[in-house]
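**Student:** Submitted below is the structure of interest, expressed as structure tokens.
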Amino acid sequence: MIIMGELDGQRVFLTGAAGGIGRGLAEAFTAAGAVLGAADRVEPRGTAAWARQLDVTDGAAVGAAITAFAAAAGGLDLVVNAAGVISFAPVVELEAAEWRRVLEVNATGTFLVDQAAARHMLAHDIKGSIVNVASISGKVGDPTLAHYAASKFAVIGLTQALARELAPHGITVNALCPGVVATPMIEANLKAWIMTMEQLIAPQAIKRTQTPAEMAQAIMFMHRCRALTGQSISVDGGTYFH
Ligand SMILES: NC(=O)c1ccc[n+]([C@@H]2O[C@H](COP(=O)([O-])OP(=O)(O)OC[C@H]3O[C@@H](n4cnc5c(N)ncnc54)[C@H](O)[C@@H]3O)[C@@H](O)[C@H]2O)c1
């Protein structure tokens with residue numbers, strides 16, 4: 001359930017907005033009253049009045065997009081990183097180029113968006129929030145996911161370091177760790193692992209997929225609770241209790 005007005009007037013910049021989770025976040029944030037800036041490598045049409053094509057690995061473009069959105073919206077309160085990529089390979093077959101690609105988007109891309117967000121918030125004395133979408137793969141590594149797990153562990157480390165660095169300025173930084181949300185990324189997962197959805201959710205206490213709206217609820221809580229920082233919260237139906 002989305003609480004109407006929970007983000008009333010809040011200026012929210014979202015990456016990965018054309019993706020499965022991102023589209024759902026865009027819808028939920030808008031329903032909660034946010035002024036939304038939507039960005040994705042694929043232009044996120046129909047997600048927000050302010051929507052732009054953006055590659056998160058291009059630092060200059062990321063900085064320009066955050067500045068442009070904040071100017072158009074009259075400020076910046078919350079930045080959410082939901083852009084990401086996944087692939088699968090046994091470590092003996094994993095190409096170094098693929099390792100670098102996944103680290104580049106998931107870890108470096110998140111760093112560049114966080115850096116641009118921090119620069120803007122510090123320059124304008126904004127006591128805002130940053131939420132990085134990591135994964136339960138950022139807490140426990142699984143077979144064929146060495147590169148993806150390494151990238152998500154990096155996101156959690158980045159989140160913790162920035163939480164300490166930016167806390168004196170009133171900025172909170174947290175990570176969301178989704179479990180299984182039915183999106184194109186998970187469909188690729190099922191094909192690559194030759195698994196059924198039932199097998200994928202078997203380790204969960206609550207045996208169903210999570211929804212983008214449930215991801216949005218957790219992000220809105222992280223934004224609202226000003227004592228919460230440096231946390232990586234699993235919204236995974238009770239797969240891991242940490
Ligand atoms: N779906 C899940 O169950 C699940 C579980 C854990 C973590 N996650 C994480 O949630 C986030 C969203 O995943 P999803 O399931 O919606 O995947 P998705 O593939 O549906 O969406 C990912 C989006 O990121 C965008 N993107 C990729 N590279 C980009 C780049 N360089 N610049 C800008 N945008 C780029 C894609 O265009 C796509 O729209 C990812 O970070 C993913 O790792 C998802």
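Labels for the structure tokens follow display order: chains A, B, ..., residues from 1 in each chain, ligands from 1.
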Please, which residues have at least one atom within 7 Å of an atom of ligand 1, using only C-alpha atoms and all ligand atoms, listed as an MDAnalysis selection string?
**Tutor:** chainID A and resid 15:22 39:42 54:57 82:86 105:106 109 133:136 177:186
**Student:** For A:Pro203, please output as a VMD selection string all residues within 12 Å (counting only C-alpha atoms; exclusion window: fewer than 5 positions along the same chain).
**Tutor:** chain A and resid 179 to 180 197 to 198 208 to 209 236 to 241
**Student:** Contacts of A:Ala175 at 8 Å or less, counting only C-alpha atoms, minus same-chain residues fewer than 3 places along, as a PyMOL selection string?
**Tutor:** chain A and resi 131-134+155-156+159+230-233
**Student:** Atoms to include: all heavy atoms. Write the selected residues as a PDB file, in the first residue's frame.
**Tutor:**
ATOM      1  N   VAL A 131      19.374   6.555  -1.855  1.00  0.00           N
ATOM      2  CA  VAL A 131      19.114   5.117  -1.683  1.00  0.00           C
ATOM      3  C   VAL A 131      19.692   4.376  -2.890  1.00  0.00           C
ATOM      4  O   VAL A 131      19.326   4.666  -4.038  1.00  0.00           O
ATOM      5  CB  VAL A 131      17.612   4.807  -1.532  1.00  0.00           C
ATOM      6  CG1 VAL A 131      17.399   3.288  -1.425  1.00  0.00           C
ATOM      7  CG2 VAL A 131      17.029   5.505  -0.296  1.00  0.00           C
ATOM      8  N   ASN A 132      20.601   3.450  -2.617  1.00  0.00           N
ATOM      9  CA  ASN A 132      21.211   2.625  -3.659  1.00  0.00           C
ATOM     10  C   ASN A 132      20.526   1.263  -3.683  1.00  0.00           C
ATOM     11  O   ASN A 132      20.444   0.605  -2.644  1.00  0.00           O
ATOM     12  CB  ASN A 132      22.699   2.431  -3.367  1.00  0.00           C
ATOM     13  CG  ASN A 132      23.450   3.753  -3.391  1.00  0.00           C
ATOM     14  OD1 ASN A 132      23.166   4.613  -4.228  1.00  0.00           O
ATOM     15  ND2 ASN A 132      24.388   3.923  -2.470  1.00  0.00           N
ATOM     16  N   VAL A 133      20.064   0.842  -4.860  1.00  0.00           N
ATOM     17  CA  VAL A 133      19.467  -0.493  -4.957  1.00  0.00           C
ATOM     18  C   VAL A 133      20.614  -1.494  -5.144  1.00  0.00           C
ATOM     19  O   VAL A 133      21.260  -1.534  -6.191  1.00  0.00           O
ATOM     20  CB  VAL A 133      18.442  -0.580  -6.098  1.00  0.00           C
ATOM     21  CG1 VAL A 133      17.862  -1.995  -6.164  1.00  0.00           C
ATOM     22  CG2 VAL A 133      17.319   0.438  -5.880  1.00  0.00           C
ATOM     23  N   ALA A 134      20.890  -2.232  -4.078  1.00  0.00           N
ATOM     24  CA  ALA A 134      21.931  -3.277  -4.127  1.00  0.00           C
ATOM     25  C   ALA A 134      21.220  -4.588  -4.442  1.00  0.00           C
ATOM     26  O   ALA A 134      20.500  -4.703  -5.434  1.00  0.00           O
ATOM     27  CB  ALA A 134      22.683  -3.321  -2.802  1.00  0.00           C
ATOM     28  N   VAL A 155      28.531  -1.863  -3.756  1.00  0.00           N
ATOM     29  CA  VAL A 155      27.475  -0.855  -3.522  1.00  0.00           C
ATOM     30  C   VAL A 155      27.222  -0.715  -2.012  1.00  0.00           C
ATOM     31  O   VAL A 155      27.056   0.401  -1.500  1.00  0.00           O
ATOM     32  CB  VAL A 155      26.178  -1.239  -4.275  1.00  0.00           C
ATOM     33  CG1 VAL A 155      25.005  -0.378  -3.821  1.00  0.00           C
ATOM     34  CG2 VAL A 155      26.388  -1.111  -5.786  1.00  0.00           C
ATOM     35  N   ILE A 156      27.227  -1.840  -1.300  1.00  0.00           N
ATOM     36  CA  ILE A 156      26.973  -1.767   0.151  1.00  0.00           C
ATOM     37  C   ILE A 156      28.153  -1.089   0.869  1.00  0.00           C
ATOM     38  O   ILE A 156      27.954  -0.244   1.753  1.00  0.00           O
ATOM     39  CB  ILE A 156      26.644  -3.171   0.705  1.00  0.00           C
ATOM     40  CG1 ILE A 156      25.260  -3.605   0.178  1.00  0.00           C
ATOM     41  CG2 ILE A 156      26.659  -3.183   2.238  1.00  0.00           C
ATOM     42  CD1 ILE A 156      24.808  -4.990   0.572  1.00  0.00           C
ATOM     43  N   THR A 159      27.863   2.574   0.213  1.00  0.00           N
ATOM     44  CA  THR A 159      26.751   3.120   1.004  1.00  0.00           C
ATOM     45  C   THR A 159      27.212   3.410   2.438  1.00  0.00           C
ATOM     46  O   THR A 159      26.922   4.483   2.998  1.00  0.00           O
ATOM     47  CB  THR A 159      25.581   2.104   1.010  1.00  0.00           C
ATOM     48  OG1 THR A 159      25.157   1.896  -0.338  1.00  0.00           O
ATOM     49  CG2 THR A 159      24.422   2.580   1.849  1.00  0.00           C
ATOM     50  N   GLY A 230      23.394   4.263   6.496  1.00  0.00           N
ATOM     51  CA  GLY A 230      24.416   3.218   6.385  1.00  0.00           C
ATOM     52  C   GLY A 230      23.851   1.810   6.384  1.00  0.00           C
ATOM     53  O   GLY A 230      24.598   0.833   6.398  1.00  0.00           O
ATOM     54  N   GLN A 231      22.519   1.696   6.323  1.00  0.00           N
ATOM     55  CA  GLN A 231      21.886   0.372   6.417  1.00  0.00           C
ATOM     56  C   GLN A 231      21.699  -0.237   5.027  1.00  0.00           C
ATOM     57  O   GLN A 231      21.545   0.476   4.041  1.00  0.00           O
ATOM     58  CB  GLN A 231      20.524   0.484   7.111  1.00  0.00           C
ATOM     59  CG  GLN A 231      20.608   1.100   8.492  1.00  0.00           C
ATOM     60  CD  GLN A 231      21.575   0.362   9.403  1.00  0.00           C
ATOM     61  OE1 GLN A 231      21.488  -0.850   9.550  1.00  0.00           O
ATOM     62  NE2 GLN A 231      22.519   1.090   9.989  1.00  0.00           N
ATOM     63  N   SER A 232      21.708  -1.552   4.977  1.00  0.00           N
ATOM     64  CA  SER A 232      21.353  -2.257   3.731  1.00  0.00           C
ATOM     65  C   SER A 232      20.216  -3.193   4.105  1.00  0.00           C
ATOM     66  O   SER A 232      20.426  -4.226   4.736  1.00  0.00           O
ATOM     67  CB  SER A 232      22.540  -3.009   3.152  1.00  0.00           C
ATOM     68  OG  SER A 232      23.285  -3.643   4.145  1.00  0.00           O
ATOM     69  N   ILE A 233      19.007  -2.773   3.764  1.00  0.00           N
ATOM     70  CA  ILE A 233      17.797  -3.446   4.235  1.00  0.00           C
ATOM     71  C   ILE A 233      17.306  -4.438   3.182  1.00  0.00           C
ATOM     72  O   ILE A 233      17.051  -4.069   2.027  1.00  0.00           O
ATOM     73  CB  ILE A 233      16.706  -2.403   4.567  1.00  0.00           C
ATOM     74  CG1 ILE A 233      17.207  -1.540   5.741  1.00  0.00           C
ATOM     75  CG2 ILE A 233      15.374  -3.074   4.903  1.00  0.00           C
ATOM     76  CD1 ILE A 233      16.257  -0.495   6.222  1.00  0.00           C
TER      77      ILE A 233
END
**Student:** How many Å separate atom CA of A:Phe221 from atom CA of A:Gly24?
**Tutor:** 16.3 Å
**Student:** Can you pull out the residues contacting A:Ala116? Cut-off 9 Å, using only C-alpha atoms, and skip same-chain residues under 6 positions away; I want them as a PyMOL selection string.
**Tutor:** chain A and resi 59+62-64+66-67
**Student:** Just the selected residues (all heavy atoms), exported as a CSV table (one decimal), in the first residue's frame, please.
**Tutor:**
chain,number,residue,atom,x,y,z
A,59,GLY,N,30.1,10.0,-16.2
A,59,GLY,CA,30.1,10.9,-15.0
A,59,GLY,C,29.6,12.3,-15.3
A,59,GLY,O,28.9,12.9,-14.6
A,62,VAL,N,25.9,12.3,-16.0
A,62,VAL,CA,25.2,12.2,-14.7
A,62,VAL,C,25.1,13.5,-13.9
A,62,VAL,O,24.0,13.9,-13.5
A,62,VAL,CB,25.9,11.1,-13.8
A,62,VAL,CG1,25.3,11.1,-12.4
A,62,VAL,CG2,25.7,9.7,-14.5
A,63,GLY,N,26.3,14.2,-13.8
A,63,GLY,CA,26.3,15.5,-13.1
A,63,GLY,C,25.3,16.5,-13.8
A,63,GLY,O,24.6,17.2,-13.1
A,64,ALA,N,25.4,16.5,-15.1
A,64,ALA,CA,24.5,17.5,-15.9
A,64,ALA,C,23.1,17.1,-15.7
A,64,ALA,O,22.2,18.0,-15.5
A,64,ALA,CB,24.9,17.4,-17.4
A,66,ILE,N,21.6,15.6,-13.1
A,66,ILE,CA,21.1,15.9,-11.7
A,66,ILE,C,20.9,17.4,-11.6
A,66,ILE,O,19.9,17.9,-11.1
A,66,ILE,CB,22.1,15.3,-10.7
A,66,ILE,CG1,21.8,13.8,-10.6
A,66,ILE,CG2,21.9,16.0,-9.3
A,66,ILE,CD1,22.4,13.1,-9.5
A,67,THR,N,21.9,18.2,-12.2
A,67,THR,CA,21.8,19.7,-12.1
A,67,THR,C,20.5,20.1,-12.9
A,67,THR,O,19.8,21.0,-12.4
A,67,THR,CB,23.0,20.3,-12.8
A,67,THR,OG1,24.2,19.8,-12.0
A,67,THR,CG2,23.0,21.8,-12.7
**Student:** According to DSSP computed on the backbone, where in stretch 100-238 of chain A is there strand (DSSP E)? Give the residues as a PyMOL selection string.
**Tutor:** chain A and resi 129-133+172-178+232-235
**Student:** Now that the selection is made, can you save its residues with N, CA, C and O atoms as a CSV table (one decimal), in the first residue's frame?
**Tutor:**
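Once written, selection.csv looks like this:
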chain,number,residue,atom,x,y,z
A,129,SER,N,18.3,12.5,1.0
A,129,SER,CA,18.6,11.1,1.1
A,129,SER,C,19.1,10.5,-0.2
A,129,SER,O,18.7,11.0,-1.3
A,130,ILE,N,19.9,9.5,-0.1
A,130,ILE,CA,20.4,8.7,-1.2
A,130,ILE,C,20.0,7.2,-0.9
A,130,ILE,O,20.3,6.8,0.2
A,131,VAL,N,19.4,6.6,-1.9
A,131,VAL,CA,19.1,5.1,-1.7
A,131,VAL,C,19.7,4.4,-2.9
A,131,VAL,O,19.3,4.7,-4.0
A,132,ASN,N,20.6,3.4,-2.6
A,132,ASN,CA,21.2,2.6,-3.7
A,132,ASN,C,20.5,1.3,-3.7
A,132,ASN,O,20.4,0.6,-2.6
A,133,VAL,N,20.1,0.8,-4.9
A,133,VAL,CA,19.5,-0.5,-5.0
A,133,VAL,C,20.6,-1.5,-5.1
A,133,VAL,O,21.3,-1.5,-6.2
A,172,THR,N,21.4,11.3,4.5
A,172,THR,CA,21.4,9.9,4.8
A,172,THR,C,21.6,9.1,3.5
A,172,THR,O,21.2,9.5,2.4
A,173,VAL,N,22.3,7.9,3.7
A,173,VAL,CA,22.7,7.1,2.5
A,173,VAL,C,22.4,5.6,3.0
A,173,VAL,O,23.0,5.1,3.9
A,174,ASN,N,21.4,5.0,2.3
A,174,ASN,CA,21.1,3.6,2.6
A,174,ASN,C,21.0,2.7,1.3
A,174,ASN,O,21.0,3.3,0.2
A,175,ALA,N,21.0,1.4,1.5
A,175,ALA,CA,20.9,0.5,0.4
A,175,ALA,C,19.6,-0.4,0.6
A,175,ALA,O,19.3,-0.8,1.7
A,176,LEU,N,19.0,-0.6,-0.5
A,176,LEU,CA,17.9,-1.6,-0.5
A,176,LEU,C,18.3,-2.9,-1.2
A,176,LEU,O,19.0,-2.8,-2.2
A,177,CYS,N,18.0,-4.0,-0.5
A,177,CYS,CA,18.5,-5.3,-1.1
A,177,CYS,C,17.2,-6.1,-1.5
A,177,CYS,O,16.7,-6.8,-0.6
A,178,PRO,N,16.7,-6.0,-2.7
A,178,PRO,CA,15.6,-6.8,-3.1
A,178,PRO,C,16.0,-8.3,-3.1
A,178,PRO,O,17.1,-8.6,-3.4
A,232,SER,N,21.7,-1.6,5.0
A,232,SER,CA,21.4,-2.3,3.7
A,232,SER,C,20.2,-3.2,4.1
A,232,SER,O,20.4,-4.2,4.7
A,233,ILE,N,19.0,-2.8,3.8
A,233,ILE,CA,17.8,-3.4,4.2
A,233,ILE,C,17.3,-4.4,3.2
A,233,ILE,O,17.1,-4.1,2.0
A,234,SER,N,17.2,-5.7,3.6
A,234,SER,CA,16.7,-6.8,2.7
A,234,SER,C,15.2,-6.8,2.7
A,234,SER,O,14.6,-7.0,3.7
A,235,VAL,N,14.6,-6.6,1.5
A,235,VAL,CA,13.2,-6.8,1.3
A,235,VAL,C,13.1,-8.0,0.4
A,235,VAL,O,13.0,-7.9,-0.8
**Student:** Could you write out, as a PyMOL selection string, all the residues of stretch 72-189 of chain A that DSSP marks as helix (DSSP H, G or I)?
**Tutor:** chain A and resi 72-73+96-123+136-138+146-169+184-189
**Student:** Which residue gives the smallest distance to A:Ala34 among A:Val113, A:Ala192, A:Met220, A:Leu162, with only C-alpha atoms counted?
**Tutor:**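 Of all the options, A:Met220 lies closest to A:Ala34.
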